[in-house]
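**Q** Input file: entry_35.txt. Contents: compact mmCIF, C-alpha atoms and all ligand atoms.
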```txt
# COMPACT_ATOMS: atom_id res chain seq x y z
CA MET A 270 -45.13 69.31 -105.91
CA CYS A 271 -48.30 69.72 -103.88
CA VAL A 272 -49.23 73.37 -103.59
CA LEU A 273 -51.34 74.18 -100.60
CA ASN A 274 -51.97 77.86 -100.13
CA THR A 275 -52.01 79.32 -96.65
CA GLU A 276 -55.75 79.89 -96.88
CA SER A 277 -56.33 76.16 -96.65
CA VAL A 278 -55.45 75.97 -92.97
CA TRP A 279 -58.32 76.55 -90.57
CA LYS A 280 -57.32 78.12 -87.28
CA SER A 281 -59.48 78.11 -84.15
CA THR A 282 -58.66 79.17 -80.62
CA ALA A 283 -59.99 78.20 -77.18
CA ARG A 284 -59.00 78.22 -73.50
CA LEU A 285 -58.18 75.21 -71.35
CA SER A 286 -59.91 74.98 -67.96
CA ASP A 287 -56.94 76.62 -66.21
CA GLY A 288 -56.93 79.57 -68.62
CA ARG A 289 -54.14 78.48 -70.94
CA GLU A 290 -54.60 79.16 -74.65
CA ILE A 291 -55.01 76.33 -77.18
CA VAL A 292 -54.92 76.87 -80.96
CA TYR A 293 -56.02 74.29 -83.53
CA PHE A 294 -54.64 74.30 -87.09
CA ASP A 295 -56.77 72.06 -89.29
CA GLU A 296 -56.39 71.01 -92.88
CA ARG A 297 -60.11 71.04 -93.56
CA PRO A 298 -62.97 73.05 -92.06
CA SER A 299 -63.33 71.60 -88.59
CA ALA A 300 -66.63 72.66 -87.14
CA GLY A 301 -66.68 72.53 -83.37
CA ARG A 302 -63.02 71.71 -82.77
CA ALA A 303 -62.50 74.66 -80.46
CA GLU A 304 -65.91 74.21 -78.84
CA ALA A 305 -64.89 70.94 -77.13
CA PRO A 306 -64.80 71.89 -73.44
CA ASP A 307 -61.90 71.00 -71.15
CA LEU A 308 -63.72 68.95 -68.51
CA ARG A 309 -60.75 68.53 -66.17
CA GLY A 310 -61.50 71.58 -64.03
CA LEU A 311 -57.84 72.41 -63.44
CA PRO A 312 -56.94 75.14 -60.92
CA PRO A 313 -55.99 78.43 -62.62
CA ALA A 314 -52.47 78.41 -64.08
CA PRO A 315 -50.11 80.74 -62.19
CA ASN A 316 -49.82 84.05 -63.99
CA GLY A 317 -46.12 84.56 -63.53
CA GLY A 318 -44.93 88.06 -64.19
CA VAL A 319 -43.06 88.32 -60.89
CA ALA A 320 -39.69 86.90 -59.90
CA THR A 321 -39.92 84.22 -57.22
CA GLU A 322 -37.29 82.01 -55.65
CA ASP A 323 -38.01 79.08 -57.97
CA SER A 324 -38.86 81.02 -61.13
CA ALA A 325 -36.78 83.97 -62.35
CA LEU A 326 -34.20 85.15 -64.86
CA ARG A 327 -30.84 85.67 -63.23
CA TRP A 328 -28.01 87.59 -64.87
CA ASP A 329 -24.61 85.91 -65.22
CA PRO A 330 -22.24 88.90 -65.34
CA LEU A 331 -19.21 86.80 -66.36
CA ALA A 332 -20.95 85.37 -69.42
CA GLY A 333 -23.20 88.36 -70.06
CA GLU A 334 -26.16 86.01 -70.37
CA TRP A 335 -29.48 85.39 -68.68
CA VAL A 336 -30.07 82.04 -66.98
CA VAL A 337 -33.65 80.82 -66.54
CA ILE A 338 -34.32 79.40 -63.07
CA ALA A 339 -37.41 77.18 -63.34
CA ALA A 340 -37.40 74.86 -60.34
CA ALA A 341 -41.17 74.43 -60.32
CA ARG A 342 -40.90 72.27 -63.47
CA GLN A 343 -39.37 69.38 -61.53
CA ASP A 344 -42.86 67.92 -61.08
CA ARG A 345 -43.64 67.71 -64.79
CA THR A 346 -44.90 64.58 -66.51
CA PHE A 347 -42.08 62.17 -67.28
CA LEU A 348 -42.47 59.44 -69.92
CA PRO A 349 -46.04 58.40 -69.09
CA PRO A 350 -47.27 55.03 -70.44
CA PRO A 351 -48.76 55.42 -73.95
CA ASP A 352 -52.33 55.11 -72.69
CA GLN A 353 -51.81 58.17 -70.49
CA CYS A 354 -50.17 60.41 -73.09
CA PRO A 355 -51.34 64.00 -72.41
CA LEU A 356 -50.81 64.96 -76.08
CA ASP A 357 -53.40 62.56 -77.53
CA PRO A 358 -56.90 63.87 -78.31
CA SER A 359 -59.42 63.41 -75.48
CA GLY A 360 -61.69 60.39 -75.66
CA PRO A 361 -64.42 58.78 -73.58
CA GLY A 362 -63.12 58.40 -70.03
CA ARG A 363 -59.79 59.92 -70.93
CA LEU A 364 -59.15 63.66 -70.62
CA THR A 365 -55.88 65.01 -72.01
CA GLU A 366 -54.38 68.43 -72.71
CA ILE A 367 -56.36 68.50 -75.97
CA PRO A 368 -60.13 68.61 -75.31
CA ALA A 369 -61.06 67.88 -78.97
CA SER A 370 -61.61 64.27 -80.04
CA SER A 371 -59.21 64.68 -82.99
CA TYR A 372 -56.86 67.26 -84.46
CA ASP A 373 -54.36 67.84 -87.25
CA VAL A 374 -51.85 70.23 -85.64
CA VAL A 375 -52.47 71.84 -82.27
CA VAL A 376 -50.52 74.35 -80.18
CA PHE A 377 -51.11 75.10 -76.51
CA GLU A 378 -49.37 76.85 -73.65
CA ASN A 379 -47.09 74.49 -71.75
CA ARG A 380 -48.51 73.40 -68.41
CA PHE A 381 -45.00 73.39 -66.94
CA PRO A 382 -43.40 76.45 -68.57
CA SER A 383 -39.91 77.77 -67.98
CA LEU A 384 -41.16 81.25 -68.92
CA ARG A 385 -44.62 82.69 -68.41
CA GLY A 386 -46.52 85.87 -67.70
CA ILE A 387 -46.66 87.44 -71.14
CA TRP A 388 -50.09 88.13 -72.51
CA PRO A 389 -51.71 91.09 -74.24
CA GLY A 390 -52.14 93.83 -71.68
CA ASN A 391 -49.43 92.68 -69.28
CA VAL A 392 -46.40 94.87 -69.87
CA PRO A 393 -43.38 93.29 -68.21
CA ASP A 394 -40.90 95.47 -66.39
CA MET A 395 -38.28 96.34 -68.99
CA LEU A 396 -36.88 99.23 -66.95
CA GLY A 397 -33.17 99.74 -67.50
CA LEU A 398 -32.84 96.87 -69.98
CA SER A 399 -31.25 97.31 -73.39
CA PRO A 400 -33.36 96.91 -76.53
CA HIS A 401 -32.06 93.33 -76.64
CA GLY A 402 -33.28 92.70 -73.10
CA ALA A 403 -29.86 92.81 -71.37
CA PRO A 404 -29.15 94.86 -68.23
CA PRO A 405 -26.86 97.89 -68.59
CA ALA A 406 -23.14 97.16 -69.08
CA GLY A 407 -21.44 97.00 -65.71
CA THR A 408 -24.35 95.32 -63.98
CA LEU A 409 -23.08 92.73 -61.51
CA ALA A 410 -26.21 90.89 -60.50
CA GLY A 411 -29.76 91.07 -61.56
CA SER A 412 -32.94 89.15 -61.33
CA ARG A 413 -36.18 89.70 -63.13
CA ALA A 414 -39.42 87.87 -63.62
CA SER A 415 -38.91 85.01 -66.06
CA VAL A 416 -41.51 86.46 -68.38
CA GLY A 417 -42.08 84.88 -71.74
CA ARG A 418 -44.20 82.13 -73.10
CA CYS A 419 -43.66 78.41 -73.70
CA GLU A 420 -45.93 76.51 -76.06
CA VAL A 421 -46.18 72.88 -77.16
CA VAL A 422 -46.86 71.99 -80.83
CA CYS A 423 -48.31 68.54 -81.58
CA PHE A 424 -47.46 67.61 -85.16
CA THR A 425 -50.02 64.80 -85.43
CA SER A 426 -52.58 63.06 -83.24
CA ASP A 427 -50.86 59.73 -84.06
CA HIS A 428 -48.89 58.88 -80.93
CA ASP A 429 -46.60 56.40 -82.69
CA SER A 430 -45.66 58.61 -85.63
CA ALA A 431 -42.65 60.92 -86.01
CA PHE A 432 -41.93 64.18 -87.83
CA ALA A 433 -40.03 62.23 -90.49
CA SER A 434 -43.21 60.21 -91.20
CA LEU A 435 -45.45 63.23 -91.79
CA THR A 436 -46.76 64.01 -95.28
CA PRO A 437 -45.46 67.17 -97.01
CA GLU A 438 -48.99 68.56 -96.64
CA ARG A 439 -48.77 68.12 -92.85
CA VAL A 440 -45.33 69.75 -92.73
CA ARG A 441 -46.93 72.74 -94.49
CA THR A 442 -49.56 72.88 -91.73
CA VAL A 443 -46.84 72.72 -89.08
CA MET A 444 -45.03 75.59 -90.87
CA HIS A 445 -48.28 77.53 -90.86
CA ALA A 446 -48.46 77.01 -87.09
CA TRP A 447 -44.79 78.04 -86.63
CA ALA A 448 -45.37 81.19 -88.71
CA ASP A 449 -48.59 82.02 -86.87
CA ARG A 450 -46.99 81.62 -83.44
CA THR A 451 -43.85 83.52 -84.44
CA ALA A 452 -45.96 86.47 -85.61
CA ASN A 453 -48.43 86.37 -82.71
CA LEU A 454 -45.97 85.78 -79.88
CA GLY A 455 -43.58 88.31 -81.43
CA ALA A 456 -46.34 90.91 -81.18
CA LEU A 457 -46.80 90.41 -77.41
CA PRO A 458 -45.27 93.08 -75.15
CA GLY A 459 -41.78 92.21 -73.93
CA VAL A 460 -41.02 89.44 -76.43
CA GLU A 461 -37.68 89.86 -78.21
CA GLN A 462 -37.24 86.53 -79.99
CA VAL A 463 -39.37 83.50 -80.90
CA TYR A 464 -37.71 80.11 -81.06
CA CYS A 465 -39.34 77.01 -82.62
CA PHE A 466 -37.62 73.70 -81.95
CA GLU A 467 -38.00 69.96 -81.61
CA ASN A 468 -36.18 67.59 -79.28
CA ARG A 469 -36.52 64.03 -80.49
CA GLY A 470 -35.51 60.85 -78.67
CA GLU A 471 -35.21 59.73 -75.07
CA GLU A 472 -31.44 59.95 -75.54
CA ILE A 473 -31.68 63.72 -75.30
CA GLY A 474 -34.14 63.87 -72.45
CA VAL A 475 -37.48 64.00 -74.22
CA THR A 476 -40.12 63.40 -71.55
CA LEU A 477 -43.05 62.67 -73.89
CA SER A 478 -42.65 60.37 -76.89
CA HIS A 479 -45.66 61.77 -78.81
CA PRO A 480 -44.40 63.68 -81.90
CA HIS A 481 -44.23 67.27 -80.72
CA GLY A 482 -42.08 70.36 -80.68
CA GLN A 483 -41.93 73.51 -78.61
CA ILE A 484 -42.00 77.25 -79.08
CA TYR A 485 -40.34 79.68 -76.68
CA ALA A 486 -41.00 83.42 -76.73
CA PHE A 487 -37.96 84.94 -75.01
CA PRO A 488 -37.86 88.37 -73.33
CA PHE A 489 -34.29 88.81 -74.60
CA VAL A 490 -32.24 88.04 -77.70
CA THR A 491 -30.61 84.64 -77.15
CA PRO A 492 -26.79 84.45 -76.96
CA LYS A 493 -26.43 82.45 -80.20
CA THR A 494 -28.59 84.87 -82.16
CA ALA A 495 -26.85 87.92 -80.67
CA ARG A 496 -23.50 86.44 -81.69
CA MET A 497 -24.67 85.76 -85.25
CA ILE A 498 -25.91 89.33 -85.56
CA GLU A 499 -22.59 90.67 -84.27
CA GLN A 500 -20.67 88.46 -86.71
CA SER A 501 -22.82 89.53 -89.63
CA GLU A 502 -22.34 93.21 -88.76
CA THR A 503 -18.57 92.85 -88.60
CA TYR A 504 -18.49 90.82 -91.80
CA SER A 505 -20.59 93.38 -93.60
CA SER A 506 -18.46 96.34 -92.58
CA ASN A 507 -15.27 94.50 -93.51
CA ASN A 508 -16.61 93.36 -96.89
CA SER A 509 -18.20 96.44 -98.46
CA GLY A 510 -21.66 95.64 -97.18
CA ALA A 511 -21.71 91.98 -98.21
CA ASN A 512 -24.13 89.69 -96.36
CA LEU A 513 -22.60 86.95 -94.21
CA PHE A 514 -25.54 84.54 -94.52
CA ASP A 515 -25.66 84.93 -98.33
CA ASP A 516 -21.93 84.42 -98.63
CA VAL A 517 -21.90 81.31 -96.43
CA VAL A 518 -24.60 79.74 -98.63
CA GLN A 519 -22.77 80.78 -101.82
CA ARG A 520 -19.56 79.26 -100.50
CA GLU A 521 -21.28 75.94 -99.79
CA ILE A 522 -22.74 75.92 -103.31
CA SER A 523 -19.36 76.59 -104.93
CA VAL A 524 -17.45 74.10 -102.73
CA GLY A 525 -20.17 71.48 -103.13
CA THR A 526 -18.63 68.69 -101.04
CA ARG A 527 -20.78 69.36 -97.98
CA ILE A 528 -24.15 69.61 -99.75
CA VAL A 529 -26.54 66.87 -98.60
CA ALA A 530 -29.55 67.72 -100.76
CA SER A 531 -31.15 70.73 -102.43
CA ASN A 532 -34.08 71.88 -104.54
CA ASP A 533 -35.17 75.06 -106.35
CA GLU A 534 -35.66 77.00 -103.13
CA TRP A 535 -33.52 75.42 -100.40
CA ILE A 536 -30.10 73.96 -99.78
CA ALA A 537 -29.16 71.51 -97.01
CA PHE A 538 -25.49 71.21 -96.12
CA VAL A 539 -23.16 70.11 -93.34
CA PRO A 540 -21.49 73.27 -92.01
CA GLU A 541 -17.79 73.61 -92.77
CA ALA A 542 -17.07 73.68 -89.04
CA ALA A 543 -19.83 71.30 -87.91
CA ARG A 544 -19.88 70.77 -84.16
CA TRP A 545 -22.08 67.67 -84.02
CA PRO A 546 -21.35 64.27 -85.61
CA TYR A 547 -24.26 64.71 -88.04
CA GLU A 548 -25.33 68.33 -88.37
CA VAL A 549 -27.24 69.86 -91.27
CA ARG A 550 -28.30 73.44 -91.92
CA LEU A 551 -31.22 74.16 -94.24
CA PHE A 552 -31.17 77.64 -95.79
CA PRO A 553 -33.68 79.14 -98.23
CA LEU A 554 -31.87 80.39 -101.35
CA ARG A 555 -33.80 83.66 -101.05
CA ARG A 556 -32.92 85.08 -97.62
CA VAL A 557 -35.72 85.90 -95.16
CA PRO A 558 -35.54 87.08 -91.51
CA ASP A 559 -38.01 84.53 -90.13
CA ILE A 560 -40.59 81.83 -90.88
CA PRO A 561 -43.55 84.21 -91.43
CA ALA A 562 -41.55 85.81 -94.29
CA LEU A 563 -41.24 82.52 -96.21
CA ASP A 564 -43.58 82.54 -99.21
CA ASP A 565 -45.71 79.62 -100.45
CA ARG A 566 -43.08 78.31 -102.86
CA GLN A 567 -40.44 78.33 -100.13
CA ARG A 568 -42.75 76.59 -97.66
CA ASP A 569 -43.65 73.86 -100.15
CA ALA A 570 -40.03 73.30 -101.09
CA PHE A 571 -38.94 73.23 -97.44
CA SER A 572 -41.44 70.54 -96.51
CA HIS A 573 -40.01 68.17 -99.13
CA LEU A 574 -36.36 68.88 -98.40
CA TYR A 575 -36.68 68.69 -94.63
CA LEU A 576 -38.47 65.33 -94.76
CA ASP A 577 -35.71 64.09 -97.05
CA VAL A 578 -32.99 65.23 -94.60
CA LEU A 579 -34.74 63.74 -91.53
CA ARG A 580 -35.20 60.39 -93.31
CA ARG A 581 -31.50 60.37 -94.22
CA LEU A 582 -30.61 60.94 -90.56
CA ASP A 583 -32.87 58.04 -89.57
CA ARG A 584 -31.17 55.75 -92.12
CA LEU A 585 -27.64 56.33 -90.80
CA PHE A 586 -27.97 53.74 -88.07
CA ASP A 587 -30.26 50.86 -87.17
CA LYS A 588 -32.41 52.98 -84.88
CA PRO A 589 -34.09 56.35 -85.35
CA ALA A 590 -31.80 59.35 -84.90
CA PRO A 591 -32.10 61.29 -81.66
CA TYR A 592 -31.96 64.89 -82.85
CA ILE A 593 -32.51 68.53 -82.05
CA ALA A 594 -34.04 70.76 -84.72
CA ALA A 595 -33.57 74.47 -84.04
CA TRP A 596 -35.04 77.35 -86.05
CA HIS A 597 -32.76 80.36 -86.12
CA GLN A 598 -34.93 83.45 -86.57
CA ALA A 599 -34.18 87.18 -86.42
CA PRO A 600 -35.12 89.08 -83.25
CA VAL A 601 -38.56 90.64 -83.37
CA HIS A 602 -37.71 94.35 -82.91
CA ASP A 603 -34.18 94.94 -84.18
CA GLY A 604 -34.81 96.32 -87.67
CA ALA A 605 -31.15 96.44 -88.71
CA ALA A 606 -30.59 92.84 -87.62
CA ARG A 607 -33.78 91.70 -89.36
CA ALA A 608 -32.64 93.26 -92.62
CA ARG A 609 -29.40 91.28 -92.47
CA PHE A 610 -30.46 88.02 -90.79
CA GLY A 611 -30.78 84.76 -92.69
CA ALA A 612 -33.38 82.49 -91.06
CA HIS A 613 -32.49 78.80 -91.27
CA LEU A 614 -33.07 75.45 -89.64
CA GLN A 615 -30.27 73.61 -87.91
CA VAL A 616 -30.82 69.91 -87.27
CA PHE A 617 -28.26 67.71 -85.58
CA SER A 618 -28.10 64.20 -84.27
CA LEU A 619 -26.24 63.25 -81.12
CA ARG A 620 -25.53 59.74 -82.37
CA ARG A 621 -21.97 59.37 -83.65
CA ALA A 622 -21.89 55.56 -84.00
CA GLU A 623 -24.32 52.65 -83.67
CA ASN A 624 -24.16 52.65 -79.87
CA LYS A 625 -22.37 55.89 -79.13
CA LEU A 626 -23.75 59.32 -78.38
CA LYS A 627 -21.87 62.60 -78.45
CA TYR A 628 -21.77 64.05 -74.96
CA LEU A 629 -20.82 67.61 -74.17
CA ALA A 630 -17.81 66.96 -71.97
CA GLY A 631 -14.89 68.96 -70.61
CA THR A 632 -13.91 71.03 -73.61
CA GLU A 633 -17.44 71.71 -74.85
CA SER A 634 -19.15 72.22 -71.48
CA GLY A 635 -16.19 73.75 -69.72
CA MET A 636 -14.69 75.96 -72.39
CA GLY A 637 -17.15 76.06 -75.28
CA VAL A 638 -14.59 74.43 -77.59
CA TRP A 639 -16.13 71.75 -79.73
CA ILE A 640 -14.35 68.61 -80.78
CA ASN A 641 -16.03 66.71 -83.61
CA ASP A 642 -14.97 63.10 -84.26
CA ILE A 643 -16.35 63.11 -87.79
CA VAL A 644 -14.95 65.11 -90.71
CA PRO A 645 -17.84 67.27 -91.99
CA GLU A 646 -17.22 66.27 -95.64
CA ALA A 647 -17.39 62.58 -94.62
CA ALA A 648 -20.63 63.22 -92.71
CA ALA A 649 -22.07 64.89 -95.82
CA GLN A 650 -21.04 61.92 -97.98
CA ARG A 651 -22.72 59.48 -95.58
CA LEU A 652 -25.89 61.56 -95.60
CA ARG A 653 -25.85 61.74 -99.42
CA ASP A 654 -25.46 57.95 -99.55
CA ALA A 655 -28.40 57.57 -97.14
CA GLY A 656 -30.82 58.98 -99.73
CA GLU A 657 -33.84 57.00 -100.84
CA ALA A 658 -32.71 54.14 -103.10
ZN ZN A 701 -49.55 60.50 -77.53
```
Could you write out this file's structure as structure tokens?
**A**
Amino acid sequence: MCVLNTESVWKSTARLSDGREIVYFDERPSAGRAEAPDLRGLPPAPNGGVATEDSALRWDPLAGEWVVIAAARQDRTFLPPPDQCPLDPSGPGRLTEIPASSYDVVVFENRFPSLRGIWPGNVPDMLGLSPHGAPPAGTLAGSRASVGRCEVVCFTSDHDSAFASLTPERVRTVMHAWADRTANLGALPGVEQVYCFENRGEEIGVTLSHPHGQIYAFPFVTPKTARMIEQSETYSSNNSGANLFDDVVQREISVGTRIVASNDEWIAFVPEAARWPYEVRLFPLRRVPDIPALDDRQRDAFSHLYLDVLRRLDRLFDKPAPYIAAWHQAPVHDGAARARFGAHLQVFSLRRAENKLKYLAGTESGMGVWINDIVPEAAAQRLRDAGEA
């Protein structure tokens, strides 16, 4: 196994011409990367920080959830031809979002963000909100500035590549970037949770085909995370302090039929009650609250196992799998939740057969009741069989 310690990533930071931050993560010393100027002369990016008609958080009192209104994003770039990809490095006569002429991994603030207005020194209005960022119980309607931050992560400068084609060394660099952004965005005022994710495939609405992911810094704890925390609290008090995340992993190990792959540090399995046709959760065997808490051994082992799982997904059908990869991380400030939370990666494909996608229809979209056409144990068997010959 290739061991690359965290000191072998070189980080440098710059500003784009409209004021947005860009951060390079390089695998070797990269003199001058951040010095490349953004020659586009873009008008200053709006600061955000105030609720407007087309950009705000609105409270849904029936669901008890925030909804992000982000109408201004309608104008964003949609599937440009490959020679106009904004995520490629800049070259002669061609200026992109990345001023440098090459890069390994780069992160920058999204030009068309759903959430914005969080930066050091700007303290968003948290008046009357709970520590999790929700309005007081009994609140009927509410609107607040859609503060937060949205960043783009380019995994490689190679436009035609994919995450599954990265080297383990590159995955380590991406993890370094995820950890760095989770720690740095989590330290900004008003941020409650940092979410790293990747949407892959036009089938699920990806607007740029260049291999990239996104990072959202939310000003509230997301509904899924809040629910997991609630469940783990209840489980713990009903089971003499036992940990829900630990026990779920232990159960998968002892049952065994849903394990897809594993190594010394991680296990990948199809959840017992999988919602998606092909859904895999990757848990570290030593529980941590978030990506920054993963040590070198865990990061190395993850990079190998995750590539293995993604390649299995791609081998299921004749074409690459459209998928969503979602990092579940503990909220930034809730100490009790952090002590109990088990960070993990959930990756699921929407393809259920050669030419069929799983759509969220009446039961799922209307009632939140999932119907899965594939028995999870059968999905796990197919994924085991899809291993490298
Ligand atoms: Zn590209």
**Q** Any residue with an atom at most 10 Å from ligand ZN 701 (chain A) counts, using only C-alpha atoms and all ligand atoms. Which are they? Put them as JSON, numbers by chain.
**A** {"A": [349, 350, 351, 352, 353, 354, 355, 356, 357, 358, 365, 423, 425, 426, 427, 428, 429, 430, 477, 478, 479, 480, 481]}
**Q** Within 8 Å of range 437-454 of chain A, which residues of range 539-629 of chain A show up? Give each one with its shortest atom-to-atom distance in Å (one decimal) and the two atoms involved, counting only C-alpha atoms, rows by chain then rising residue number, as a tab-separated table.
**A**
```
residue	atom	partner	partner_atom	distance
A:Ile560	CA	A:Ala448	CA	5.3
A:Pro561	CA	A:Ala448	CA	4.5
A:Arg568	CA	A:Arg441	CA	6.5
A:Asp569	CA	A:Arg441	CA	6.6
A:Ser572	CA	A:Pro437	CA	5.3
A:His573	CA	A:Pro437	CA	5.9
A:Leu576	CA	A:Pro437	CA	7.6
```
**Q** Using only C-alpha atoms, which of A:Lys588, A:Arg363, A:Arg544, A:Arg284 sits nearest Asp642 in chain A?
**A**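 Between A:Lys588, A:Arg363, A:Arg544, A:Arg284, the residue approaching Asp642 in chain A most closely is A:Arg544.
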**Q** Pull the closest atom pair for each residue of range 486-514 of chain A that gets at most 8 Å from range 593-616 of chain A, along with the distance in Å to one decimal, counting all atoms listed in the file, ordering rows by chain and then ascending residue number, as a Markdown table.
**A**
```
| residue | atom | partner | partner_atom | distance |
| --- | --- | --- | --- | --- |
| A:Val490 | CA | A:Pro600 | CA | 6.3 |
| A:Thr494 | CA | A:His597 | CA | 7.3 |
| A:Ile498 | CA | A:Ala606 | CA | 6.2 |
| A:Ser501 | CA | A:Arg609 | CA | 7.4 |
| A:Asn512 | CA | A:Arg609 | CA | 6.7 |
| A:Phe514 | CA | A:Gly611 | CA | 5.6 |
```
**Q** As an exercise, work out the distance from CA of Ile643 in chain A to CA of Trp545 in chain A in Å and give it to one decimal place.
**A**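 Taking CA of Ile643 in chain A and CA of Trp545 in chain A, their separation equals 8.2 Å.
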**Q** In Å to one decimal, how far is CA of Ile484 in chain A from CA of Ala649 in chain A?
**A** 28.8 Å
**Q** CA of Asp565 in chain A to CA of Asp583 in chain A: how many Å, to one decimal?
**A** 27.4 Å
**Q** Would you please work out which residue, of A:Asp515, A:Asp577, A:Asp587, A:Phe432, is nearest to Phe552 in chain A when using all atoms listed in the file?
**A** A:Asp515
**Q** Quick one: residues within 9 Å of range 312-316 of chain A, only C-alpha atoms counted, chain neighbours fewer than 5 positions away excluded, as a list in words?
**A**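 So, after excluding close chain neighbours, the residues are Ser286, Asp287, Gly288, Arg289, Arg380, Arg385, Gly386 and Ile387 of chain A.
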**Q** Select, from A:Leu457, A:Leu435, A:Val475, A:Leu326, the residue with the minimum atom-to-atom distance to Val374 in chain A, counting all atoms listed in the file.
**A**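 Of A:Leu457, A:Leu435, A:Val475, A:Leu326, the one nearest Val374 in chain A, counting all atoms listed in the file, is A:Leu435.
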**Q** Tell me which of A:Glu366, A:Asp654, A:Asp564, A:Asp559 sits closest to Ala305 in chain A, counting only C-alpha atoms.
**A**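 For Ala305 in chain A, the nearest of the given residues is A:Glu366.
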**Q** Could you check which of A:Asn641, A:Cys419, A:Gln462, A:Ala530 is closest to Ala655 in chain A, using all atoms listed in the file?
**A**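 Smallest separation from Ala655 in chain A among the options: A:Ala530.
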**Q** So which one's closest to Gly474 in chain A, A:Tyr592, A:Asp295, A:Trp328, A:Val460? Using all atoms listed in the file, please.
**A** A:Tyr592
